[in-house]
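Participant: So here's coords_38.cif, just mmCIF, C-alpha atoms:
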data_final
loop_
_atom_site.label_atom_id
_atom_site.label_comp_id
_atom_site.auth_asym_id
_atom_site.auth_seq_id
_atom_site.Cartn_x
_atom_site.Cartn_y
_atom_site.Cartn_z
CA MET I 1 -211.48 -83.14 -30.08
CA ILE I 2 -209.31 -84.51 -27.26
CA ARG I 3 -209.84 -88.12 -26.23
CA ALA I 4 -208.36 -89.95 -23.23
CA GLN I 5 -206.83 -93.06 -24.78
CA VAL I 6 -205.47 -96.15 -23.03
CA ARG I 7 -201.68 -96.11 -23.32
CA GLY I 8 -200.80 -98.95 -20.95
CA VAL I 9 -202.22 -101.37 -18.39
CA GLY I 10 -200.81 -103.58 -15.65
CA HIS I 11 -201.66 -105.46 -12.47
CA TYR I 12 -200.21 -107.07 -9.38
CA LEU I 13 -201.47 -109.88 -7.15
CA PRO I 14 -200.00 -110.84 -3.77
CA GLU I 15 -198.14 -114.15 -3.71
CA ARG I 16 -200.43 -115.90 -1.24
CA VAL I 17 -203.21 -117.80 -3.00
CA VAL I 18 -206.13 -118.89 -0.82
CA GLU I 19 -208.31 -121.70 -2.15
CA ASN I 20 -211.91 -122.11 -1.00
CA ASP I 21 -211.00 -125.15 1.08
CA TRP I 22 -208.99 -122.93 3.45
CA PHE I 23 -212.24 -121.49 4.84
CA THR I 24 -213.55 -124.94 5.74
CA THR I 25 -210.91 -125.16 8.48
CA PHE I 26 -212.73 -122.57 10.61
CA LEU I 27 -216.16 -121.96 9.00
CA GLU I 28 -219.19 -124.09 8.27
CA THR I 29 -218.83 -123.85 4.51
CA SER I 30 -217.53 -125.79 1.51
CA ASP I 31 -215.87 -125.25 -1.83
CA GLU I 32 -219.14 -126.17 -3.55
CA TRP I 33 -221.14 -123.71 -1.43
CA ILE I 34 -218.81 -120.82 -2.26
CA ARG I 35 -218.58 -121.65 -5.98
CA SER I 36 -222.32 -122.09 -6.43
CA ARG I 37 -223.13 -118.71 -4.86
CA SER I 38 -220.29 -116.60 -6.21
CA GLY I 39 -218.28 -118.44 -8.87
CA ILE I 40 -215.16 -117.84 -6.77
CA GLU I 41 -212.57 -120.61 -6.51
CA ARG I 42 -209.58 -118.79 -5.05
CA ARG I 43 -208.30 -115.34 -4.17
CA HIS I 44 -205.03 -113.65 -3.17
CA PHE I 45 -204.29 -112.21 0.28
CA ALA I 46 -201.62 -109.64 1.05
CA ALA I 47 -198.69 -110.74 3.19
CA GLU I 48 -198.13 -109.51 6.72
CA GLY I 49 -197.05 -105.89 6.49
CA GLN I 50 -197.90 -105.61 2.79
CA THR I 51 -200.00 -102.47 2.24
CA THR I 52 -202.38 -101.19 -0.41
CA SER I 53 -199.68 -98.81 -1.66
CA ASP I 54 -197.24 -101.72 -2.05
CA LEU I 55 -199.71 -103.46 -4.38
CA ALA I 56 -200.52 -100.23 -6.21
CA ILE I 57 -196.87 -99.41 -6.86
CA ARG I 58 -196.27 -102.83 -8.43
CA ALA I 59 -199.35 -102.51 -10.67
CA ALA I 60 -198.37 -98.97 -11.64
CA GLN I 61 -194.85 -100.08 -12.59
CA ALA I 62 -196.33 -102.81 -14.77
CA ALA I 63 -198.57 -100.27 -16.52
CA LEU I 64 -195.63 -97.90 -17.07
CA ASN I 65 -193.61 -100.73 -18.57
CA ASP I 66 -196.51 -101.66 -20.84
CA ALA I 67 -196.76 -98.04 -21.99
CA GLY I 68 -193.01 -97.54 -22.36
CA LEU I 69 -193.14 -94.54 -20.02
CA ARG I 70 -191.23 -93.27 -16.99
CA PRO I 71 -192.88 -92.04 -13.75
CA ASP I 72 -192.12 -88.41 -14.56
CA ASP I 73 -193.98 -88.74 -17.86
CA ILE I 74 -197.16 -88.87 -15.75
CA ASP I 75 -199.02 -85.69 -14.80
CA ALA I 76 -201.39 -87.12 -12.20
CA ILE I 77 -202.26 -90.23 -10.21
CA VAL I 78 -205.86 -91.02 -9.31
CA LEU I 79 -206.06 -93.99 -6.95
CA ALA I 80 -209.35 -95.69 -6.10
CA THR I 81 -209.36 -97.54 -2.78
CA SER I 82 -211.45 -98.19 0.31
CA THR I 83 -208.49 -99.63 2.21
CA PRO I 84 -205.93 -96.79 2.33
CA ASP I 85 -202.59 -97.18 4.07
CA LEU I 86 -203.36 -94.28 6.41
CA THR I 87 -206.26 -92.01 7.32
CA PHE I 88 -204.17 -89.36 5.57
CA PRO I 89 -202.22 -88.54 3.48
CA ALA I 90 -203.79 -90.03 0.38
CA THR I 91 -202.38 -93.41 -0.59
CA ALA I 92 -201.86 -91.96 -4.08
CA THR I 93 -199.15 -89.68 -2.71
CA ILE I 94 -197.39 -92.69 -1.14
CA VAL I 95 -197.51 -94.36 -4.56
CA GLN I 96 -196.20 -91.18 -6.18
CA ALA I 97 -193.17 -91.24 -3.88
CA GLY I 98 -192.74 -95.00 -4.28
CA LEU I 99 -192.55 -94.63 -8.05
CA GLY I 100 -190.00 -91.83 -7.79
CA MET I 101 -192.42 -89.40 -9.45
CA THR I 102 -191.31 -85.86 -8.54
CA ARG I 103 -193.86 -83.80 -10.45
CA GLY I 104 -197.60 -83.59 -10.95
CA PHE I 105 -200.27 -84.37 -8.34
CA ALA I 106 -201.92 -87.39 -6.75
CA PHE I 107 -205.16 -88.04 -4.89
CA ASP I 108 -207.50 -90.82 -3.80
CA VAL I 109 -211.10 -91.56 -4.82
CA GLN I 110 -213.40 -93.54 -2.51
CA ALA I 111 -216.49 -95.11 -4.09
CA VAL I 112 -215.87 -98.68 -2.86
CA CYS I 113 -216.33 -101.24 -5.68
CA ALA I 114 -217.33 -98.47 -8.10
CA GLY I 115 -214.15 -96.59 -7.27
CA PHE I 116 -212.27 -97.35 -10.47
CA ILE I 117 -215.21 -96.16 -12.62
CA TYR I 118 -215.26 -92.91 -10.64
CA ALA I 119 -211.47 -92.56 -10.91
CA LEU I 120 -211.55 -93.25 -14.65
CA SER I 121 -214.27 -90.65 -15.16
CA ASN I 122 -212.32 -88.04 -13.19
CA ALA I 123 -209.12 -88.79 -15.11
CA ASN I 124 -211.00 -88.49 -18.39
CA ALA I 125 -212.39 -85.08 -17.37
CA MET I 126 -208.93 -83.80 -16.46
CA ILE I 127 -207.52 -84.89 -19.80
CA VAL I 128 -210.41 -83.53 -21.88
CA SER I 129 -210.22 -80.19 -20.02
CA GLY I 130 -206.47 -79.94 -20.62
CA GLN I 131 -205.51 -80.14 -16.94
CA ALA I 132 -203.38 -83.23 -17.55
CA LYS I 133 -201.93 -85.03 -20.55
CA ARG I 134 -201.23 -88.41 -18.95
CA VAL I 135 -203.01 -89.81 -15.90
CA LEU I 136 -202.18 -93.01 -14.05
CA VAL I 137 -205.47 -94.49 -12.81
CA ILE I 138 -205.12 -97.20 -10.16
CA GLY I 139 -207.49 -99.46 -8.26
CA ALA I 140 -205.87 -101.16 -5.26
CA GLU I 141 -207.30 -102.93 -2.22
CA THR I 142 -206.36 -105.03 0.80
CA PHE I 143 -209.88 -106.09 1.76
CA SER I 144 -208.49 -108.99 3.81
CA ARG I 145 -207.78 -106.33 6.47
CA ILE I 146 -211.48 -105.54 7.01
CA MET I 147 -213.06 -108.99 6.93
CA ASN I 148 -215.15 -110.48 9.71
CA TRP I 149 -213.74 -114.01 9.63
CA GLU I 150 -216.81 -115.35 11.43
CA ASP I 151 -219.20 -114.20 8.68
CA ARG I 152 -219.19 -116.87 5.99
CA GLY I 153 -221.46 -114.75 3.79
CA THR I 154 -218.80 -112.08 3.25
CA CYS I 155 -215.28 -113.21 4.15
CA VAL I 156 -215.19 -115.86 1.40
CA LEU I 157 -215.96 -113.30 -1.31
CA PHE I 158 -213.10 -110.81 -1.20
CA GLY I 159 -209.46 -110.74 -2.18
CA ASP I 160 -206.53 -108.35 -2.46
CA GLY I 161 -204.89 -106.97 -5.58
CA ALA I 162 -204.20 -103.95 -7.75
CA GLY I 163 -204.64 -102.88 -11.34
CA ALA I 164 -203.48 -99.76 -13.16
CA LEU I 165 -204.25 -98.05 -16.44
CA ILE I 166 -202.57 -95.06 -18.10
CA LEU I 167 -204.75 -92.61 -20.00
CA GLU I 168 -203.13 -90.26 -22.50
CA ALA I 169 -204.51 -87.26 -24.38
CA ALA I 170 -204.83 -87.74 -28.14
CA GLU I 171 -206.79 -86.11 -30.92
CA GLY I 172 -209.99 -87.73 -32.14
CA ASP I 173 -212.58 -86.96 -34.76
CA GLY I 174 -215.44 -86.72 -32.29
CA THR I 175 -217.13 -89.93 -33.44
CA ASN I 176 -217.69 -93.24 -31.69
CA PHE I 177 -214.91 -94.70 -33.86
CA ASP I 178 -212.32 -92.68 -31.91
CA ARG I 179 -209.99 -94.58 -29.61
CA GLY I 180 -210.35 -93.62 -25.97
CA ILE I 181 -213.17 -92.89 -23.54
CA LEU I 182 -216.40 -92.14 -25.39
CA ALA I 183 -218.94 -91.83 -22.55
CA THR I 184 -219.23 -92.02 -18.76
CA ASP I 185 -222.12 -92.34 -16.33
CA LEU I 186 -221.84 -91.95 -12.54
CA GLN I 187 -224.68 -92.47 -10.05
CA SER I 188 -225.19 -92.88 -6.31
CA ASP I 189 -228.05 -93.20 -3.83
CA GLY I 190 -227.18 -92.79 -0.16
CA ARG I 191 -230.55 -94.13 1.00
CA PHE I 192 -229.10 -97.63 0.55
CA ARG I 193 -225.80 -97.05 2.36
CA ASP I 194 -226.65 -99.53 5.14
CA ILE I 195 -226.85 -102.62 2.90
CA LEU I 196 -223.11 -102.55 2.16
CA GLN I 197 -220.80 -100.84 4.60
CA VAL I 198 -217.88 -101.15 6.97
CA SER I 199 -218.74 -100.58 10.61
CA GLY I 200 -216.59 -97.97 12.26
CA GLY I 201 -214.71 -94.91 11.10
CA VAL I 202 -212.49 -92.07 12.25
CA SER I 203 -215.33 -89.66 13.04
CA SER I 204 -218.00 -92.08 14.27
CA SER I 205 -216.17 -94.64 16.38
CA GLN I 206 -212.41 -94.17 15.95
CA THR I 207 -212.21 -97.79 14.80
CA THR I 208 -211.63 -99.56 11.49
CA GLY I 209 -214.58 -101.93 11.66
CA HIS I 210 -215.55 -104.90 9.48
CA LEU I 211 -217.40 -105.27 6.21
CA MET I 212 -221.13 -105.97 6.47
CA MET I 213 -223.37 -106.76 3.52
CA ALA I 214 -227.01 -107.63 2.95
CA GLY I 215 -226.23 -109.86 -0.01
CA LYS I 216 -229.75 -110.37 -1.35
CA GLU I 217 -230.48 -106.64 -1.23
CA VAL I 218 -227.21 -105.77 -2.99
CA PHE I 219 -227.93 -108.32 -5.71
CA ARG I 220 -231.44 -106.92 -6.18
CA HIS I 221 -230.05 -103.46 -6.88
CA ALA I 222 -226.93 -104.53 -8.80
CA VAL I 223 -228.31 -106.03 -12.00
CA GLU I 224 -230.88 -103.29 -12.60
CA LYS I 225 -228.55 -100.38 -11.83
CA LEU I 226 -225.59 -101.79 -13.78
CA ALA I 227 -227.75 -102.44 -16.83
CA THR I 228 -229.30 -98.96 -16.67
CA SER I 229 -225.88 -97.29 -16.42
CA THR I 230 -224.53 -99.37 -19.30
CA VAL I 231 -227.47 -98.37 -21.51
CA ALA I 232 -226.84 -94.73 -20.55
CA VAL I 233 -223.25 -94.74 -21.86
CA MET I 234 -224.23 -96.60 -25.02
CA ASP I 235 -226.96 -94.04 -25.67
CA GLN I 236 -224.52 -91.17 -25.10
CA ALA I 237 -222.14 -92.60 -27.69
CA GLY I 238 -224.84 -93.65 -30.13
CA VAL I 239 -224.06 -97.37 -30.07
CA THR I 240 -226.07 -100.50 -29.33
CA ALA I 241 -225.34 -103.75 -27.52
CA ALA I 242 -224.61 -105.34 -30.89
CA ASP I 243 -221.71 -102.89 -31.37
CA ILE I 244 -219.98 -103.91 -28.11
CA ASP I 245 -216.92 -106.10 -28.60
CA ARG I 246 -216.07 -106.72 -24.95
CA VAL I 247 -217.56 -106.21 -21.48
CA VAL I 248 -215.25 -105.86 -18.48
CA PRO I 249 -217.56 -105.83 -15.46
CA HIS I 250 -216.75 -105.43 -11.80
CA GLN I 251 -215.79 -108.91 -10.64
CA ALA I 252 -218.04 -109.29 -7.60
CA ASN I 253 -220.16 -112.35 -8.22
CA VAL I 254 -220.63 -114.46 -11.33
CA ARG I 255 -224.41 -114.38 -10.87
CA ILE I 256 -224.43 -110.57 -11.02
CA ILE I 257 -222.16 -110.68 -14.08
CA THR I 258 -224.34 -113.17 -15.95
CA GLY I 259 -227.57 -111.50 -14.84
CA THR I 260 -226.46 -108.10 -16.12
CA ALA I 261 -225.25 -109.57 -19.43
CA ARG I 262 -228.57 -111.34 -19.87
CA LYS I 263 -230.54 -108.15 -19.16
CA LEU I 264 -228.47 -106.31 -21.80
CA ALA I 265 -228.73 -109.18 -24.32
CA LEU I 266 -224.93 -109.45 -24.38
CA PRO I 267 -223.54 -112.98 -24.91
CA MET I 268 -221.21 -114.24 -22.19
CA GLU I 269 -218.61 -114.91 -24.90
CA LYS I 270 -218.03 -111.14 -24.91
CA VAL I 271 -217.69 -110.84 -21.13
CA VAL I 272 -214.32 -110.95 -19.33
CA VAL I 273 -214.64 -113.07 -16.18
CA THR I 274 -211.78 -113.34 -13.68
CA VAL I 275 -213.73 -113.56 -10.41
CA GLN I 276 -213.00 -117.29 -10.13
CA ASP I 277 -209.28 -116.60 -9.62
CA HIS I 278 -209.29 -113.28 -7.75
CA GLY I 279 -212.55 -112.99 -5.82
CA ASN I 280 -213.98 -109.51 -5.37
CA THR I 281 -211.05 -107.10 -5.24
CA SER I 282 -213.37 -104.07 -5.07
CA ALA I 283 -211.87 -101.01 -6.83
CA ALA I 284 -209.02 -103.16 -8.16
CA SER I 285 -211.22 -105.67 -9.97
CA ILE I 286 -211.82 -103.82 -13.26
CA PRO I 287 -208.23 -102.73 -14.04
CA LEU I 288 -207.01 -106.13 -12.85
CA ALA I 289 -209.43 -107.85 -15.23
CA MET I 290 -208.46 -105.48 -18.05
CA SER I 291 -204.78 -106.26 -17.61
CA VAL I 292 -205.37 -110.01 -17.47
CA ALA I 293 -207.66 -109.80 -20.52
CA GLN I 294 -205.11 -107.86 -22.56
CA SER I 295 -202.39 -110.34 -21.62
CA SER I 296 -204.57 -113.26 -22.72
CA GLY I 297 -205.65 -111.64 -25.98
CA GLN I 298 -209.25 -110.99 -24.88
CA LEU I 299 -208.79 -107.22 -25.19
CA ASN I 300 -207.36 -105.82 -28.40
CA ARG I 301 -206.68 -102.37 -29.79
CA GLY I 302 -209.69 -100.80 -31.48
CA GLU I 303 -212.32 -102.91 -29.70
CA LEU I 304 -215.38 -101.20 -28.23
CA VAL I 305 -215.41 -101.94 -24.51
CA VAL I 306 -217.96 -101.24 -21.79
CA THR I 307 -217.07 -101.50 -18.11
CA GLU I 308 -219.39 -101.10 -15.13
CA ALA I 309 -219.44 -101.46 -11.35
CA ILE I 310 -221.57 -101.01 -8.25
CA GLY I 311 -220.45 -100.69 -4.65
CA GLY I 312 -221.25 -99.30 -1.24
CA GLY I 313 -223.02 -96.00 -1.13
CA LEU I 314 -224.75 -97.26 -3.13
CA ALA I 315 -222.49 -95.92 -5.89
CA TRP I 316 -222.43 -97.21 -9.44
CA GLY I 317 -221.54 -96.26 -12.99
CA ALA I 318 -220.24 -97.26 -16.39
CA VAL I 319 -217.62 -96.18 -18.92
CA LEU I 320 -217.61 -96.83 -22.65
CA LEU I 321 -214.25 -96.72 -24.41
CA ARG I 322 -212.51 -97.90 -27.53
CA TRP I 323 -209.40 -99.82 -26.49
#
Rewrite the structure from the file as structure tokens, please.
Facilitator:
Amino acid sequence: MIRAQVRGVGHYLPERVVENDWFTTFLETSDEWIRSRSGIERRHFAAEGQTTSDLAIRAAQAALNDAGLRPDDIDAIVLATSTPDLTFPATATIVQAGLGMTRGFAFDVQAVCAGFIYALSNANAMIVSGQAKRVLVIGAETFSRIMNWEDRGTCVLFGDGAGALILEAAEGDGTNFDRGILATDLQSDGRFRDILQVSGGVSSSQTTGHLMMAGKEVFRHAVEKLATSTVAVMDQAGVTAADIDRVVPHQANVRIITGTARKLALPMEKVVVTVQDHGNTSAASIPLAMSVAQSSGQLNRGELVVTEAIGGGLAWGAVLLRW
């Protein structure tokens, strides 16, 4: 059978690094307060005039270099973002042009922090169905553009960045020892859309708006839903928690990461954690963490990896793959 295997991975972070102490200059907060509630120590912010597509192009180029491929070797680009350059066209098409890619197709996916999981699942389906042989899957965000800088409960949590992963069609035996994506699970429940949202929009108010979050409510849903989705993909593939070599979770909050690992009986030694250096980069956080983990030797070929995320919608899901 056809499997969608990881061929290359890369990331890009803006040059500006913002330490927690920066927020103390205009908010009633502290480095200790931010660390104790989120695990975040610093994050990156895009420069003036630097767009989501700028970050995505740099991450995509890094992934192409890692794979030893050229832009025109790619059949499709699926870009997950909640902070597009424009209302339309899709930011993915801007990336396509920026890479010099003159063939194939490109489109955006919007599922907030779960966006990369949704994009990865869509790319996998296109490869398995034969619609594409190689797909560039990108998560890229400039969340600093939608922060309410007077809300200390949200503006300290987010950062900007981009990560990219190239999936390539390859033959497998149809067992859970195959390299590539083995199982996916996507879920959403619009009844909870109000607990994590951005006020404003083209149709409703013709404004961009700011991010608003009911943190305690989001946390209450996150651990349970992430654990349930992770169990679903393990069951699909016929594996158990003991078989998992590495977990690459959405990097939102270290308490959510540790709580989910505990619920799944997965030791933290197996969990990739980058939130301390990047903050919550929404759809970018998983591919960014994957790229950093591969560079540091935490992710190695043949390892069984589970990745999961939850975001506004609420939307959540998980993917199980062999690296």
Participant: One decimal, Å: what's the distance from CA of Ile244 (chain I) over to CA of Arg134 (chain I), could you say?
Facilitator: 26.0 Å
Participant: Counting only C-alpha atoms, which of I:Gly98, I:Gly302, I:Pro287, I:Gly201 gets nearest to Val248 (chain I)?
Facilitator: I:Pro287
Participant: Quick one: which region 86-120 of chain I residues come within 10 Å of region 126-133 of chain I, and what is the nearest atom pair for each with the distance in Å to one decimal, counting all atoms listed in the file, rows ordered by chain and ascending number, as JSON lines?
Facilitator:
{"residue": "I:Gly104", "atom": "CA", "partner": "I:Ala132", "partner_atom": "CA", "distance": 8.8}
{"residue": "I:Phe105", "atom": "CA", "partner": "I:Ala132", "partner_atom": "CA", "distance": 9.8}
{"residue": "I:Leu120", "atom": "CA", "partner": "I:Met126", "partner_atom": "CA", "distance": 10.0}
Participant: Work out how far apart CA of Ser82 (chain I) and CA of Ala67 (chain I) are and give it in Å to one decimal.
Facilitator: 26.7 Å
Participant: What would the selection look like, as a count of residues only, if the PyMOL selection byres ((chain I and resi 123-125) around 10) were run on the coordinates I just shared?
Facilitator: 34
Participant: Kindly indicate which residue among I:Val18, I:Ala62, I:Val156, I:Val112 lies nearest to Ser295 (chain I), using only C-alpha atoms for the distances.
Facilitator: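 Using only C-alpha atoms, Ser295 (chain I) sits closest to I:Ala62.
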Participant: Please compute the CA of Val273 (chain I)-CA of Ser36 (chain I) distance, one decimal, in Å.
Facilitator: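 Interatomic distance, CA of Val273 (chain I) to CA of Ser36 (chain I): 15.3 Å.
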Participant: Tell me which residues the PyMOL selection byres ((chain I and resi 216-220) around 10) grabs here, as a list in words.
Facilitator: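 Expected selection for the PyMOL selection byres ((chain I and resi 216-220) around 10) here is Phe192, Ile195, Leu196, Met213, Ala214, Gly215, His221, Ala222, Val223, Glu224, Lys225, Asn253, Arg255, Ile256, Gly259, Ile310, Gly311, Gly312 and Leu314 of chain I.
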Participant: Which residues, protein or nucleic acid, reach to within 7 Å of (-224.2, -95.6, -8.4) in the file's coordinates when using only C-alpha atoms, and can you give that as a list in words?
Facilitator: Leu186, Gln187, Ser188, Asp189, Ile310, Leu314, Ala315, Trp316 and Gly317 of chain I
Participant: Nearest to Val271 (chain I) among I:Val254, I:Ala80, I:Ala293, I:Val247, with distances taken over only C-alpha atoms: which residue is it?
Facilitator: I:Val247
Participant: Since the input is missing atoms for region 265-289 of chain I, could you rebuild it with N, CA and C atoms and give the result as a tab-separated table (two decimals), in the coordinates of the input?
Facilitator:
chain	number	residue	atom	x	y	z
I	265	ALA	N	-228.77	-108.33	-23.11
I	265	ALA	CA	-228.73	-109.18	-24.32
I	265	ALA	C	-227.31	-109.24	-24.89
I	266	LEU	N	-226.33	-109.32	-23.98
I	266	LEU	CA	-224.93	-109.45	-24.38
I	266	LEU	C	-224.48	-110.89	-24.11
I	267	PRO	N	-223.97	-111.59	-25.12
I	267	PRO	CA	-223.54	-112.98	-24.91
I	267	PRO	C	-222.34	-113.05	-23.97
I	268	MET	N	-222.29	-114.09	-23.15
I	268	MET	CA	-221.21	-114.24	-22.19
I	268	MET	C	-219.86	-114.41	-22.89
I	269	GLU	N	-219.86	-114.79	-24.15
I	269	GLU	CA	-218.61	-114.91	-24.90
I	269	GLU	C	-217.88	-113.56	-24.99
I	270	LYS	N	-218.63	-112.47	-24.84
I	270	LYS	CA	-218.03	-111.14	-24.91
I	270	LYS	C	-217.59	-110.61	-23.54
I	271	VAL	N	-217.91	-111.33	-22.49
I	271	VAL	CA	-217.69	-110.84	-21.13
I	271	VAL	C	-216.39	-111.41	-20.54
I	272	VAL	N	-215.55	-110.53	-20.02
I	272	VAL	CA	-214.32	-110.95	-19.33
I	272	VAL	C	-214.69	-111.34	-17.91
I	273	VAL	N	-214.34	-112.56	-17.52
I	273	VAL	CA	-214.64	-113.07	-16.18
I	273	VAL	C	-213.35	-113.57	-15.53
I	274	THR	N	-212.98	-112.94	-14.42
I	274	THR	CA	-211.78	-113.34	-13.68
I	274	THR	C	-212.09	-113.61	-12.20
I	275	VAL	N	-213.35	-113.46	-11.82
I	275	VAL	CA	-213.73	-113.56	-10.41
I	275	VAL	C	-213.36	-114.92	-9.82
I	276	GLN	N	-213.32	-115.95	-10.64
I	276	GLN	CA	-213.00	-117.29	-10.13
I	276	GLN	C	-211.59	-117.36	-9.55
I	277	ASP	N	-210.68	-116.55	-10.06
I	277	ASP	CA	-209.28	-116.60	-9.62
I	277	ASP	C	-208.90	-115.51	-8.63
I	278	HIS	N	-209.69	-114.44	-8.55
I	278	HIS	CA	-209.29	-113.28	-7.75
I	278	HIS	C	-210.29	-112.92	-6.66
I	279	GLY	N	-211.51	-113.45	-6.73
I	279	GLY	CA	-212.55	-112.99	-5.82
I	279	GLY	C	-212.90	-111.55	-6.13
I	280	ASN	N	-213.61	-110.92	-5.21
I	280	ASN	CA	-213.98	-109.51	-5.37
I	280	ASN	C	-212.86	-108.65	-4.80
I	281	THR	N	-212.14	-107.97	-5.68
I	281	THR	CA	-211.05	-107.10	-5.24
I	281	THR	C	-211.48	-105.63	-5.26
I	282	SER	N	-212.79	-105.40	-5.18
I	282	SER	CA	-213.37	-104.07	-5.07
I	282	SER	C	-212.86	-103.15	-6.18
I	283	ALA	N	-212.29	-101.99	-5.82
I	283	ALA	CA	-211.87	-101.01	-6.83
I	283	ALA	C	-210.78	-101.53	-7.75
I	284	ALA	N	-210.10	-102.60	-7.33
I	284	ALA	CA	-209.02	-103.16	-8.16
I	284	ALA	C	-209.54	-104.09	-9.25
I	285	SER	N	-210.78	-104.54	-9.14
I	285	SER	CA	-211.22	-105.67	-9.97
I	285	SER	C	-211.27	-105.34	-11.45
I	286	ILE	N	-211.71	-104.15	-11.84
I	286	ILE	CA	-211.82	-103.82	-13.26
I	286	ILE	C	-210.44	-103.66	-13.91
I	287	PRO	N	-209.54	-102.83	-13.37
I	287	PRO	CA	-208.23	-102.73	-14.04
I	287	PRO	C	-207.45	-104.03	-14.00
I	288	LEU	N	-207.64	-104.80	-12.93
I	288	LEU	CA	-207.01	-106.13	-12.85
I	288	LEU	C	-207.52	-107.03	-13.96
I	289	ALA	N	-208.84	-107.03	-14.16
I	289	ALA	CA	-209.43	-107.85	-15.23
I	289	ALA	C	-209.01	-107.35	-16.60
